[in-house]
Structures are given as C-alpha cells and as structure tokens.
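A.B. asks: coords.tsv is reproduced below (TSV, C-alpha atoms and all ligand atoms).
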chain	number	residue	atom	x	y	z
A	1	MET	CA	0.00	0.00	0.00
A	2	ILE	CA	1.23	3.49	-0.87
A	3	ASN	CA	2.02	5.66	2.14
A	4	ARG	CA	0.30	9.05	1.93
A	5	GLU	CA	2.91	10.89	4.01
A	6	LYS	CA	5.69	9.60	1.80
A	7	ILE	CA	3.88	10.64	-1.36
A	8	VAL	CA	3.01	14.17	-0.31
A	9	SER	CA	6.44	14.92	1.12
A	10	LYS	CA	8.33	13.66	-1.93
A	11	LYS	CA	9.58	16.25	-4.39
A	12	ILE	CA	7.07	16.58	-7.22
A	13	ALA	CA	9.82	16.16	-9.81
A	14	ASP	CA	10.72	12.79	-8.23
A	15	LEU	CA	7.09	11.81	-8.05
A	16	ARG	CA	6.70	12.50	-11.75
A	17	SER	CA	9.72	10.46	-12.71
A	18	GLU	CA	8.67	7.57	-10.47
A	19	TYR	CA	5.00	7.64	-11.47
A	20	PRO	CA	4.80	9.35	-14.88
A	21	PHE	CA	1.02	9.01	-14.83
A	22	VAL	CA	0.65	11.60	-12.01
A	23	ASP	CA	0.69	14.37	-14.61
A	24	SER	CA	-2.87	13.51	-15.53
A	25	PHE	CA	-3.89	13.84	-11.87
A	26	PHE	CA	-2.41	17.33	-11.80
A	27	GLU	CA	-4.14	18.23	-15.06
A	28	ASP	CA	-7.50	16.86	-13.94
A	29	ASN	CA	-7.30	18.90	-10.78
A	30	LYS	CA	-6.18	21.99	-12.71
A	31	LEU	CA	-3.05	22.35	-10.63
A	32	ASP	CA	-0.48	24.61	-12.15
A	33	LEU	CA	2.89	22.92	-11.93
A	34	GLU	CA	4.93	25.40	-13.92
A	35	SER	CA	6.46	27.06	-10.87
A	36	ILE	CA	7.00	24.11	-8.56
A	37	GLY	CA	10.81	24.26	-8.46
A	38	ASP	CA	11.85	21.44	-6.16
A	39	MET	CA	8.81	21.54	-3.92
A	40	SER	CA	6.98	18.55	-2.55
A	41	PHE	CA	3.24	18.26	-3.14
A	42	ARG	CA	2.54	19.45	0.40
A	43	GLU	CA	4.87	22.42	0.07
A	44	TYR	CA	3.22	23.21	-3.22
A	45	LEU	CA	-0.26	23.18	-1.67
A	46	ASN	CA	0.99	25.29	1.21
A	47	SER	CA	2.34	27.83	-1.22
A	48	TYR	CA	-1.20	28.94	-2.08
A	49	THR	CA	-2.31	32.04	-0.21
A	50	LEU	CA	-5.43	31.92	1.94
A	51	GLU	CA	-7.22	34.10	-0.61
A	52	GLU	CA	-6.36	31.69	-3.43
A	53	ILE	CA	-7.52	28.74	-1.37
A	54	ASP	CA	-10.80	30.54	-0.69
A	55	GLU	CA	-11.26	31.79	-4.20
A	56	TRP	CA	-10.64	28.44	-5.92
A	57	ALA	CA	-12.13	26.34	-3.14
A	58	ILE	CA	-8.92	24.30	-2.76
A	59	ASP	CA	-9.27	21.51	-0.23
A	60	THR	CA	-5.63	20.65	0.55
A	61	GLU	CA	-6.46	17.72	2.83
A	62	LYS	CA	-8.61	16.11	0.20
A	63	LEU	CA	-6.09	16.72	-2.58
A	64	GLU	CA	-3.37	14.97	-0.58
A	65	GLU	CA	-5.65	12.04	0.07
A	66	ASP	CA	-6.79	11.85	-3.54
A	67	LEU	CA	-3.23	11.92	-4.87
A	68	ALA	CA	-2.16	9.01	-2.65
A	69	GLU	CA	-5.29	7.08	-3.61
A	70	TYR	CA	-4.77	7.80	-7.30
A	71	ILE	CA	-1.17	6.57	-7.26
A	72	SER	CA	-2.13	3.53	-5.26
A	73	GLN	CA	-4.89	2.56	-7.70
A	74	MET	CA	-2.73	3.13	-10.75
A	75	VAL	CA	0.10	1.05	-9.29
A	76	GLU	CA	-2.30	-1.79	-8.67
A	77	PHE	CA	-3.95	-1.43	-12.08
A	78	LEU	CA	-0.62	-1.45	-13.90
A	79	GLY	CA	0.60	-4.40	-11.87
A	80	LEU	CA	3.61	-2.52	-10.55
A	81	GLU	CA	3.49	-3.81	-7.01
A	82	LYS	CA	6.13	-6.47	-6.66
A	83	ASP	CA	4.48	-9.82	-6.34
A	84	LYS	CA	4.81	-11.00	-2.82
A	85	VAL	CA	5.65	-14.57	-3.58
A	86	GLU	CA	6.84	-16.29	-0.45
A	87	SER	CA	6.69	-19.86	-1.67
A	88	LEU	CA	6.19	-22.11	-4.65
A	89	THR	CA	4.74	-25.59	-4.20
A	90	ILE	CA	4.84	-28.51	-6.63
A	91	LEU	CA	2.12	-31.12	-6.12
A	92	ALA	CA	2.97	-34.61	-7.37
A	93	GLY	CA	1.75	-35.80	-10.76
A	94	VAL	CA	2.73	-38.84	-12.81
A	95	ASN	CA	5.88	-40.00	-14.58
A	96	LYS	CA	6.11	-41.10	-18.21
A	97	SER	CA	4.72	-44.52	-17.30
A	98	GLY	CA	1.70	-42.96	-15.61
A	99	GLU	CA	2.89	-43.88	-12.08
A	100	THR	CA	2.20	-41.34	-9.33
A	101	GLU	CA	5.25	-39.43	-8.12
A	102	SER	CA	6.04	-40.33	-4.55
A	103	PHE	CA	7.11	-36.97	-3.11
A	104	GLY	CA	3.60	-35.72	-2.36
A	105	GLU	CA	4.35	-32.04	-2.28
A	106	PHE	CA	7.49	-29.92	-2.38
A	107	THR	CA	7.71	-26.28	-1.30
A	108	ILE	CA	10.44	-23.82	-2.22
A	109	LYS	CA	10.82	-20.57	-0.28
A	110	ARG	CA	11.94	-17.11	-1.38
A	111	SER	CA	15.75	-16.72	-1.88
A	112	GLU	CA	16.15	-20.47	-2.27
A	113	ILE	CA	17.96	-22.09	-5.18
A	114	VAL	CA	16.83	-25.53	-6.28
A	115	SER	CA	18.63	-27.45	-8.98
A	116	ILE	CA	17.04	-30.07	-11.21
A	117	VAL	CA	19.19	-33.01	-12.25
A	118	GLY	CA	18.58	-36.15	-14.28
A	119	PRO	CA	19.66	-37.85	-17.50
A	120	THR	CA	19.07	-36.29	-20.90
A	121	GLY	CA	15.42	-36.53	-21.86
A	122	SER	CA	14.28	-37.39	-18.33
A	123	GLY	CA	11.97	-34.39	-17.99
A	124	LYS	CA	13.91	-31.49	-16.44
A	125	SER	CA	12.72	-28.92	-18.96
A	126	ARG	CA	9.20	-30.34	-18.61
A	127	LEU	CA	9.24	-29.54	-14.89
A	128	LEU	CA	10.37	-25.96	-15.62
A	129	ALA	CA	7.61	-25.69	-18.22
A	130	ASP	CA	5.03	-26.91	-15.66
A	131	ILE	CA	6.10	-24.12	-13.34
A	132	GLU	CA	6.08	-21.51	-16.05
A	133	TRP	CA	2.60	-22.54	-17.10
A	134	ALA	CA	1.45	-22.72	-13.47
A	135	ALA	CA	0.29	-26.24	-14.30
A	136	ASP	CA	-3.06	-27.20	-12.87
A	137	GLY	CA	-3.22	-30.86	-13.79
A	138	ASP	CA	-3.40	-29.76	-17.41
A	139	THR	CA	0.06	-30.85	-18.66
A	140	PRO	CA	1.37	-34.36	-19.52
A	141	THR	CA	2.78	-34.70	-15.98
A	142	LYS	CA	-0.58	-33.81	-14.30
A	143	ARG	CA	1.41	-31.82	-11.73
A	144	ARG	CA	-0.09	-28.82	-9.98
A	145	ILE	CA	1.73	-25.66	-9.00
A	146	LEU	CA	0.74	-23.50	-6.02
A	147	VAL	CA	1.98	-20.03	-5.18
A	148	ASN	CA	1.86	-19.04	-1.50
A	149	GLY	CA	-0.05	-22.28	-0.96
A	150	GLU	CA	-2.82	-21.41	-3.39
A	151	THR	CA	-3.67	-22.02	-7.03
A	152	PRO	CA	-2.28	-18.92	-8.71
A	153	ASP	CA	-4.54	-16.43	-10.38
A	154	LYS	CA	-4.80	-17.62	-13.95
A	155	SER	CA	-4.30	-14.08	-15.22
A	156	ASN	CA	-0.68	-14.43	-14.13
A	157	ARG	CA	-0.27	-17.08	-16.77
A	158	PHE	CA	-0.96	-14.74	-19.62
A	159	SER	CA	-0.13	-11.27	-18.42
A	160	THR	CA	3.15	-9.95	-19.66
A	161	SER	CA	3.41	-6.93	-17.38
A	162	ASN	CA	2.99	-8.89	-14.20
A	163	LYS	CA	4.65	-12.18	-14.95
A	164	LEU	CA	5.10	-14.61	-12.15
A	165	VAL	CA	7.98	-16.34	-13.84
A	166	ALA	CA	11.00	-15.14	-15.78
A	167	GLN	CA	12.62	-17.76	-17.94
A	168	LEU	CA	16.23	-17.72	-19.02
A	169	SER	CA	16.44	-20.14	-21.88
A	170	GLN	CA	19.50	-21.51	-23.58
A	171	ASN	CA	19.85	-18.94	-26.30
A	172	MET	CA	19.03	-15.32	-26.48
A	173	ASN	CA	18.87	-14.10	-30.03
A	174	PHE	CA	18.29	-10.41	-30.23
A	175	VAL	CA	16.63	-9.26	-33.40
A	176	MET	CA	16.08	-5.62	-32.59
A	177	ASP	CA	18.32	-2.87	-33.79
A	178	LEU	CA	19.14	-1.21	-30.46
A	179	THR	CA	22.17	-0.42	-28.38
A	180	VAL	CA	22.51	-1.99	-24.94
A	181	ARG	CA	21.64	1.41	-23.44
A	182	GLU	CA	18.48	1.78	-25.55
A	183	PHE	CA	17.39	-1.76	-24.77
A	184	LEU	CA	17.85	-1.30	-21.02
A	185	GLU	CA	16.27	2.16	-21.02
A	186	LEU	CA	13.20	0.84	-22.80
A	187	HIS	CA	12.88	-1.95	-20.32
A	188	ALA	CA	13.45	0.32	-17.31
A	189	LYS	CA	10.92	2.85	-18.60
A	190	SER	CA	8.32	0.19	-19.23
A	191	ARG	CA	8.77	-0.83	-15.60
A	192	LEU	CA	8.35	2.83	-14.57
A	193	VAL	CA	11.46	2.66	-12.41
A	194	GLU	CA	12.47	5.63	-10.37
A	195	ASN	CA	15.90	6.33	-11.76
A	196	VAL	CA	16.39	4.92	-15.23
A	197	GLU	CA	20.01	5.99	-15.68
A	198	GLU	CA	21.14	4.52	-12.36
A	199	MET	CA	19.30	1.28	-13.07
A	200	VAL	CA	20.86	0.97	-16.53
A	201	GLN	CA	24.32	1.46	-15.03
A	202	ARG	CA	23.69	-1.15	-12.35
A	203	ILE	CA	22.57	-3.73	-14.88
A	204	VAL	CA	25.45	-3.22	-17.28
A	205	GLU	CA	27.96	-3.37	-14.43
A	206	ALA	CA	26.45	-6.60	-13.13
A	207	ALA	CA	26.39	-8.06	-16.66
A	208	ASN	CA	30.03	-7.16	-17.18
A	209	GLU	CA	30.92	-8.87	-13.92
A	210	LEU	CA	29.53	-12.06	-15.43
A	211	ALA	CA	30.75	-11.77	-18.99
A	212	GLY	CA	34.35	-12.56	-19.91
A	213	GLU	CA	34.92	-9.76	-22.39
A	214	LYS	CA	33.44	-6.44	-21.26
A	215	PHE	CA	30.96	-4.52	-23.41
A	216	SER	CA	29.78	-0.93	-23.29
A	217	LEU	CA	26.38	0.73	-23.26
A	218	ASP	CA	26.88	1.75	-26.87
A	219	THR	CA	27.35	-1.80	-28.13
A	220	ALA	CA	24.52	-2.97	-30.39
A	221	VAL	CA	22.61	-5.84	-28.76
A	222	THR	CA	22.95	-7.78	-32.00
A	223	GLY	CA	26.72	-7.40	-31.65
A	224	LEU	CA	26.89	-9.12	-28.27
A	225	SER	CA	28.34	-12.61	-28.10
A	226	GLY	CA	26.22	-15.50	-26.80
A	227	GLY	CA	27.81	-15.27	-23.36
A	228	GLN	CA	27.50	-11.49	-23.22
A	229	SER	CA	23.82	-11.45	-24.17
A	230	ARG	CA	23.18	-14.18	-21.66
A	231	ALA	CA	25.00	-12.16	-18.99
A	232	LEU	CA	22.94	-9.11	-19.93
A	233	MET	CA	19.67	-11.05	-19.66
A	234	ILE	CA	20.65	-12.50	-16.29
A	235	ALA	CA	21.53	-9.09	-14.87
A	236	ASP	CA	18.41	-7.58	-16.39
A	237	THR	CA	16.21	-10.33	-14.98
A	238	ALA	CA	17.79	-10.13	-11.57
A	239	ILE	CA	17.67	-6.37	-11.23
A	240	LEU	CA	14.73	-5.18	-13.29
A	241	SER	CA	12.29	-8.01	-13.67
A	242	THR	CA	9.58	-8.04	-11.05
A	243	SER	CA	9.01	-11.74	-11.62
A	244	PRO	CA	9.64	-13.41	-8.29
A	245	ILE	CA	10.44	-16.80	-9.78
A	246	VAL	CA	13.35	-17.36	-12.15
A	247	LEU	CA	13.75	-20.52	-14.20
A	248	ILE	CA	17.09	-21.34	-15.76
A	249	ASP	CA	17.72	-24.03	-18.31
A	250	GLU	CA	21.37	-24.97	-18.74
A	251	ILE	CA	23.30	-21.94	-17.62
A	252	GLU	CA	26.57	-23.82	-18.19
A	253	ASN	CA	26.62	-23.34	-21.95
A	254	ALA	CA	26.75	-19.61	-21.63
A	255	GLY	CA	30.45	-19.14	-21.04
A	256	ILE	CA	29.81	-16.75	-18.17
A	257	ASP	CA	30.78	-16.75	-14.53
A	258	ARG	CA	28.05	-19.07	-13.28
A	259	LYS	CA	28.67	-18.69	-9.60
A	260	LYS	CA	28.47	-14.90	-9.80
A	261	ALA	CA	25.37	-15.20	-12.00
A	262	LEU	CA	23.63	-17.20	-9.31
A	263	ASP	CA	24.72	-14.75	-6.63
A	264	VAL	CA	23.25	-11.88	-8.63
A	265	LEU	CA	19.97	-13.70	-9.07
A	266	VAL	CA	19.62	-14.90	-5.55
A	267	ASN	CA	20.56	-11.61	-3.93
A	268	GLU	CA	17.41	-10.18	-5.36
A	269	GLU	CA	15.26	-12.42	-3.16
A	270	LYS	CA	13.93	-14.62	-5.88
A	271	ILE	CA	13.06	-18.28	-6.08
A	272	VAL	CA	15.49	-19.83	-8.55
A	273	LEU	CA	15.07	-23.21	-10.23
A	274	MET	CA	17.83	-24.39	-12.48
A	275	ALA	CA	18.02	-27.48	-14.67
A	276	THR	CA	21.63	-28.53	-15.02
A	277	HIS	CA	24.08	-31.25	-15.93
A	278	ASP	CA	26.91	-29.42	-14.19
A	279	PRO	CA	27.94	-30.86	-10.79
A	280	SER	CA	29.10	-27.52	-9.35
A	281	LEU	CA	25.82	-25.84	-10.18
A	282	ALA	CA	23.83	-28.81	-8.93
A	283	LEU	CA	25.62	-28.60	-5.57
A	284	MET	CA	25.43	-24.82	-5.32
A	285	ALA	CA	21.68	-25.22	-4.83
A	286	ASP	CA	20.22	-25.70	-1.38
A	287	ARG	CA	18.29	-28.71	-2.61
A	288	ARG	CA	18.10	-30.69	-5.80
A	289	ILE	CA	15.28	-32.44	-7.53
A	290	VAL	CA	16.23	-35.72	-9.16
A	291	ILE	CA	14.17	-36.57	-12.25
A	292	LYS	CA	13.86	-40.00	-13.77
A	293	ASN	CA	11.51	-41.26	-16.47
A	294	GLY	CA	9.56	-37.98	-16.39
A	295	GLY	CA	8.90	-38.10	-12.65
A	296	ILE	CA	10.45	-36.52	-9.56
A	297	LYS	CA	12.29	-39.48	-8.06
A	298	SER	CA	13.74	-37.79	-5.01
A	299	ILE	CA	14.62	-34.46	-3.45
A	300	ILE	CA	18.02	-34.21	-1.84
A	301	GLU	CA	19.31	-31.57	0.53
A	302	THR	CA	22.87	-30.44	-0.15
A	303	GLY	CA	24.46	-31.33	3.18
A	304	PRO	CA	27.79	-30.12	4.65
A	305	GLU	CA	29.71	-33.06	3.20
A	306	GLU	CA	28.50	-32.29	-0.29
A	307	LYS	CA	29.20	-28.60	0.20
A	308	ALA	CA	32.76	-29.63	1.05
A	309	ARG	CA	32.97	-31.53	-2.23
A	310	LEU	CA	31.70	-28.35	-3.85
A	311	SER	CA	34.88	-26.52	-2.92
A	312	GLU	CA	36.85	-29.35	-4.56
A	313	LEU	CA	34.81	-28.86	-7.71
A	314	GLU	CA	35.23	-25.11	-7.52
A	315	ALA	CA	39.00	-25.54	-7.42
A	316	ILE	CA	38.80	-27.71	-10.54
A	317	ASP	CA	36.47	-25.20	-12.25
A	318	LYS	CA	38.91	-22.44	-11.37
A	319	LEU	CA	41.76	-24.35	-12.94
A	320	VAL	CA	39.71	-25.00	-16.07
A	321	SER	CA	38.69	-21.38	-16.33
A	322	GLU	CA	42.27	-20.13	-15.83
A	323	MET	CA	43.45	-22.47	-18.57
A	324	ARG	CA	40.61	-21.29	-20.79
A	325	THR	CA	41.57	-17.66	-20.28
A	326	LYS	CA	45.23	-18.37	-21.00
A	327	LEU	CA	44.42	-20.31	-24.16
A	328	ARG	CA	42.00	-17.60	-25.25
A	329	ASN	CA	44.71	-15.01	-24.78
A	330	GLY	CA	47.18	-16.98	-26.87
A	331	GLU	CA	49.32	-18.13	-23.94
A	332	THR	CA	50.65	-21.65	-23.48
A	333	VAL	CA	49.69	-23.84	-20.56
A	334	GLY	CA	52.51	-26.37	-20.36
A	335	ILE	CA	54.00	-26.76	-16.90
B	401	LIG	N1	5.76	-37.04	-16.71
B	401	LIG	C1	5.79	-36.98	-18.05
B	401	LIG	N2	4.79	-37.50	-18.78
B	401	LIG	C2	4.84	-37.47	-20.12
B	401	LIG	N3	5.82	-36.92	-20.83
B	401	LIG	C3	6.83	-36.37	-20.17
B	401	LIG	C4	6.89	-36.38	-18.75
B	401	LIG	N4	8.02	-35.75	-18.36
B	401	LIG	C5	8.66	-35.39	-19.48
B	401	LIG	N5	7.97	-35.75	-20.57
B	401	LIG	C6	8.37	-35.54	-21.97
B	401	LIG	O1	9.64	-36.13	-22.19
B	401	LIG	C7	10.40	-35.40	-23.15
B	401	LIG	C8	11.80	-35.06	-22.63
B	401	LIG	O2	11.70	-34.23	-21.51
B	401	LIG	P1	12.60	-32.92	-21.29
B	401	LIG	O3	12.82	-32.18	-22.56
B	401	LIG	O4	11.98	-32.18	-20.17
B	401	LIG	O5	13.98	-33.59	-20.84
B	401	LIG	P2	15.28	-32.93	-20.18
B	401	LIG	O6	15.57	-33.67	-18.94
B	401	LIG	O7	15.13	-31.47	-20.07
B	401	LIG	O8	16.39	-33.31	-21.26
B	401	LIG	P3	17.82	-32.58	-21.57
B	401	LIG	O9	18.71	-32.84	-20.42
B	401	LIG	O10	18.27	-33.31	-22.81
B	401	LIG	O11	17.54	-31.13	-21.81
B	401	LIG	C9	9.56	-34.16	-23.46
B	401	LIG	O12	8.86	-34.36	-24.65
B	401	LIG	C10	8.62	-34.09	-22.27
B	401	LIG	O13	7.39	-33.41	-22.58
Have the structure of the file written as structure tokens, please.
C.D. replies:
Amino acid sequence: MINREKIVSKKIADLRSEYPFVDSFFEDNKLDLESIGDMSFREYLNSYTLEEIDEWAIDTEKLEEDLAEYISQMVEFLGLEKDKVESLTILAGVNKSGETESFGEFTIKRSEIVSIVGPTGSGKSRLLADIEWAADGDTPTKRRILVNGETPDKSNRFSTSNKLVAQLSQNMNFVMDLTVREFLELHAKSRLVENVEEMVQRIVEAANELAGEKFSLDTAVTGLSGGQSRALMIADTAILSTSPIVLIDEIENAGIDRKKALDVLVNEEKIVLMATHDPSLALMADRRIVIKNGGIKSIIETGPEEKARLSELEAIDKLVSEMRTKLRNGETVGI
C-alpha cells in the first residue's frame, strides 16, 4: 500500500519520474505545476495564499488524500506492485509410465535455489515448463503448482506486465536494432522505475561482472556474443524483472561466470530453479530435484559433506577457467 505521508512529502519532480502518470492527476485537478521548483506536493499546496484557497475552493487535505489514492490505484492497475511470492509448491503428478510421483508435495521458499538433475530426456525442462505454465493438472505430468499455498490467479499465466515467472532459456537471439543502453532504457521505462540511468548502469555493471569480455552501453545488442547477451539477460532479470520466480535451463553453456550469476539472481530475493548437468551448479543449490523417467524421483538436501565436495569442484572449475583464459589469450599452458 502506498504511504500518503511519503507521497506528499516527496519532491514533485521525483514523483513525476517515479510515477509518470501523475501528470494527468495534476491536469484533472487543474493544478499549475509550472512554478514548482523542487517543492513537494505538500509544500506546493501550502504555497497557495489563503485568498487563493478561498477563491478556488482548494481543499488541501482532500487533494493529498486523492493523490495518494490515485497513485495507489494506478500502481495496482498497472501491476507494478512487486508480487509478494513467499513460496512455490509442486504437487505430485505422474511420470512417463503414468505412475504417481512419490514426493507428495514440495515447497520452495523465497531466496532459495533448487537445482534439477537427471539424464538427458528425463523431464527437467518439462518440470520448468510446468512451473512456467502454473500447471493445474493440465500438462502431460498432471502436476499442480501452487503459489503461496494457493492455485495462482490464472491471469498471471498470460499477463506480460505482471509475470510470475522469468525464464532464461539456452539462447538469447536479439533481433532488434538497439544499443545496450536503448534496450535497457526501454525496459526500465516500461517498468516505470524511479531512476532509469542509475538502473541501466547497475545492470550493465552486473552483466560485465559475469561476462568474460566487457561490453559498453553503446554496443549494439545484435553485436553481443552469446555469453554477453546471456550475462545481460541474467543481470536484467535479476535487477529489473519483477518476476519473483526465475527458471534457468542450462546456464553452463553460456560461457559466463556461473557462480556470480547465481549470486546476482539470488541476492534479489527470488526463487530460482535451475536445470543442469553441471555438478558444481547442482551442488550450489540448497536442494536438488532428481528426475527419472519424467517423474520426480527424489529431493536431496545439499548437506555439509556435499558442500565440502563443492569446494573441490570449484577448485577444478577455477583451474579450467584459468586455462581457458590463458588459451584464449594466446598463452601456453605447459607446466
Ligand atoms: N511425466 C511426463 N509424462 C509425459 N511426458 C513427459 C513427462 N516428463 C517429461 N515428458 C516428456 O519427455 C520429453 C523429454 O523431456 P525434457 O525435454 O523435459 O527432458 P530434459 O531432462 O530437459 O532433457 P535434456 O537434459 O536433454 O535437456 C519431453 O517431450 C517431455 O514433454
């Protein structure tokens, strides 16, 4: 809920950049905003003289209340309130042979990472697709998905502005003729974020942290490499997307710093599900879902012993990545 005190004491210029639609409120109420300088709405109302207030029958109390109400309704209407998703629950369905999955139900909480492992063709992507679709017994697996313990509002399935789920798929092929800056600005503006420039900077910095070779805001999105565009989409999803659930299919092919990518995503308080064949990524998750023959076979918690193995794997990954960098830079790697 929008706080009235906060709204009326915010500078009008800031209010207008955060909620561009407030201009129509000012117009409808015939408020002259030419000479506002850096006043807040309250200061602006107080700047009227008693005669003006009398003459134009200005009710300052009511105007303050109406402004807060107007913003609050618009925010709700436009779906700008961040979804408060605390948990995601998967209810058991059937495997490829039609046998009921034995796990009953499985709940994932906010800021948790869950990996999905299993042989090729076992049904990892299918599980991600069930979640994206908010399956309600209407997919081949007959699984059901609950959000905050309830069947999600079906409008979430189709709405683009208020998507429950952001999906990072294997390849990101940009077709539009835009620079990175233009692309990010468009996205930030469509989300009506407070400070577009700052947001754009944050995203490109995060993306460059993940990508091997750095790129600038003036690079054309079509000119980004596979790994760079993937890094850009991860940073963009983490920082700008309001979708509280992020699904990742095969991050390992992207040639980006996977550990940092996960940190970026998880820091933003999201639920992350990631299908992977990579042991380090599988163990980085708090829990992992094991899929076999189209069904969830088991759910395993990554215990301290496995986490210890993870540091072994990380040391190996580090070695591989150092060698990769050297080879890429034309150096030799003989001892
Ligand atoms: N429970 C199920 N019932 C019926 N069909 C299923 C079930 N689970 C998965 N499938 C189907 O099996 C096929 C392979 O599944 P999927 O693509 O999800 O495998 P995957 O584990 O992601 O494979 P890869 O590791 O190669 O990406 C798909 O056509 C999928 O729809």
A.B. asks: May I ask which of the residues A:Glu105, A:Glu209, A:Glu150, A:Glu322 is the closest one to Ser298 (chain A), counting all atoms listed in the file?
C.D. replies: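 Of the candidates, the smallest distance to Ser298 (chain A) is held by A:Glu105.
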A.B. asks: Record the distance separating CA of Pro140 (chain A) and atom N1 of ligand LIG 401 (chain B), expressed in Å with one decimal.
C.D. replies: 5.9 Å
A.B. asks: Taking all atoms listed in the file into account, which of A:Ser243, A:Thr89, A:Ser216, A:Ser122 comes nearest Leu164 (chain A)?
C.D. replies: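 Result for the nearest residue to Leu164 (chain A): A:Ser243.
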A.B. asks: Would you list the residues that come within 9 Å of ligand LIG 401 (chain B)? Count all atoms listed in the file and give the answer as a PyMOL selection string.
C.D. replies: chain A and resi 93-99+101+116-129+139-143+249-250+275-277+291-296
A.B. asks: Report, in Å with one decimal, the straight-line distance from CA of Val272 (chain A) to CA of Leu310 (chain A).
C.D. replies: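 CA of Val272 (chain A) sits 18.9 Å away from CA of Leu310 (chain A).
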A.B. asks: Can you find the residues with an atom no farther than 7 Å from (26.9, -11.9, -15.3), counting only C-alpha atoms, and report them as a PDB file with C-alpha atoms, in the coordinates of the input?
C.D. replies:
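What ended up in selection00.pdb:
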ATOM      1  CA  ALA A 206      26.450  -6.600 -13.130  1.00  0.00           C
ATOM      2  CA  ALA A 207      26.390  -8.060 -16.660  1.00  0.00           C
ATOM      3  CA  ASN A 208      30.030  -7.160 -17.180  1.00  0.00           C
ATOM      4  CA  GLU A 209      30.920  -8.870 -13.920  1.00  0.00           C
ATOM      5  CA  LEU A 210      29.530 -12.060 -15.430  1.00  0.00           C
ATOM      6  CA  ALA A 211      30.750 -11.770 -18.990  1.00  0.00           C
ATOM      7  CA  ALA A 231      25.000 -12.160 -18.990  1.00  0.00           C
ATOM      8  CA  LEU A 232      22.940  -9.110 -19.930  1.00  0.00           C
ATOM      9  CA  ILE A 234      20.650 -12.500 -16.290  1.00  0.00           C
ATOM     10  CA  ALA A 235      21.530  -9.090 -14.870  1.00  0.00           C
ATOM     11  CA  ILE A 256      29.810 -16.750 -18.170  1.00  0.00           C
ATOM     12  CA  ASP A 257      30.780 -16.750 -14.530  1.00  0.00           C
ATOM     13  CA  LYS A 260      28.470 -14.900  -9.800  1.00  0.00           C
ATOM     14  CA  ALA A 261      25.370 -15.200 -12.000  1.00  0.00           C
TER      15      ALA A 261
END
A.B. asks: So which residues touch region 21-23 of chain A within 12 Å, counting all atoms listed in the file, skipping near sequence neighbours fewer than 4 positions away, as a ChimeraX atom specification?
C.D. replies: /A:7,12-17,27-34,41,66-75,77-78,192
A.B. asks: Would you mind reading off the distance between CA of Ile131 (chain A) and CA of Leu281 (chain A), one decimal, in Å?
C.D. replies: 20.0 Å
A.B. asks: Show which residues sit within 10 Å of Ser280 (chain A), as a list in words. Count all atoms listed in the file, and ignore same-chain residues fewer than 5 positions away.
C.D. replies: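 Non-adjacent residues within range: Glu252, Arg258, Lys259, Ala285, Lys307, Arg309, Leu310, Ser311, Glu312, Leu313, Glu314, Ile316 and Asp317 of chain A.
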A.B. asks: For each of A:Phe26, A:Phe183, A:Phe103, A:Phe215, take the minimum atom-to-atom distance to Val200 (chain A), counting all atoms listed in the file, then give the residue where this is smallest.
C.D. replies: A:Phe183
A.B. asks: When distances are computed from all atoms listed in the file, which of A:Ile90, A:Met199, A:Ile108, A:Val85 shows the smallest separation from Arg287 (chain A)?
C.D. replies: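 The answer is A:Ile108, which sits nearest to Arg287 (chain A).
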A.B. asks: What's the 10 Å shell around Val196 (chain A), counting all atoms listed in the file, without same-chain residues fewer than 2 positions away, as a count of residues only?
C.D. replies: 17
A.B. asks: Looking at A:Leu265, A:Pro304, A:Thr332, A:Gly226, which one is nearest to Arg110 (chain A), with distances taken over all atoms listed in the file?
C.D. replies: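 Among the listed residues, the smallest separation from Arg110 (chain A) belongs to A:Leu265.
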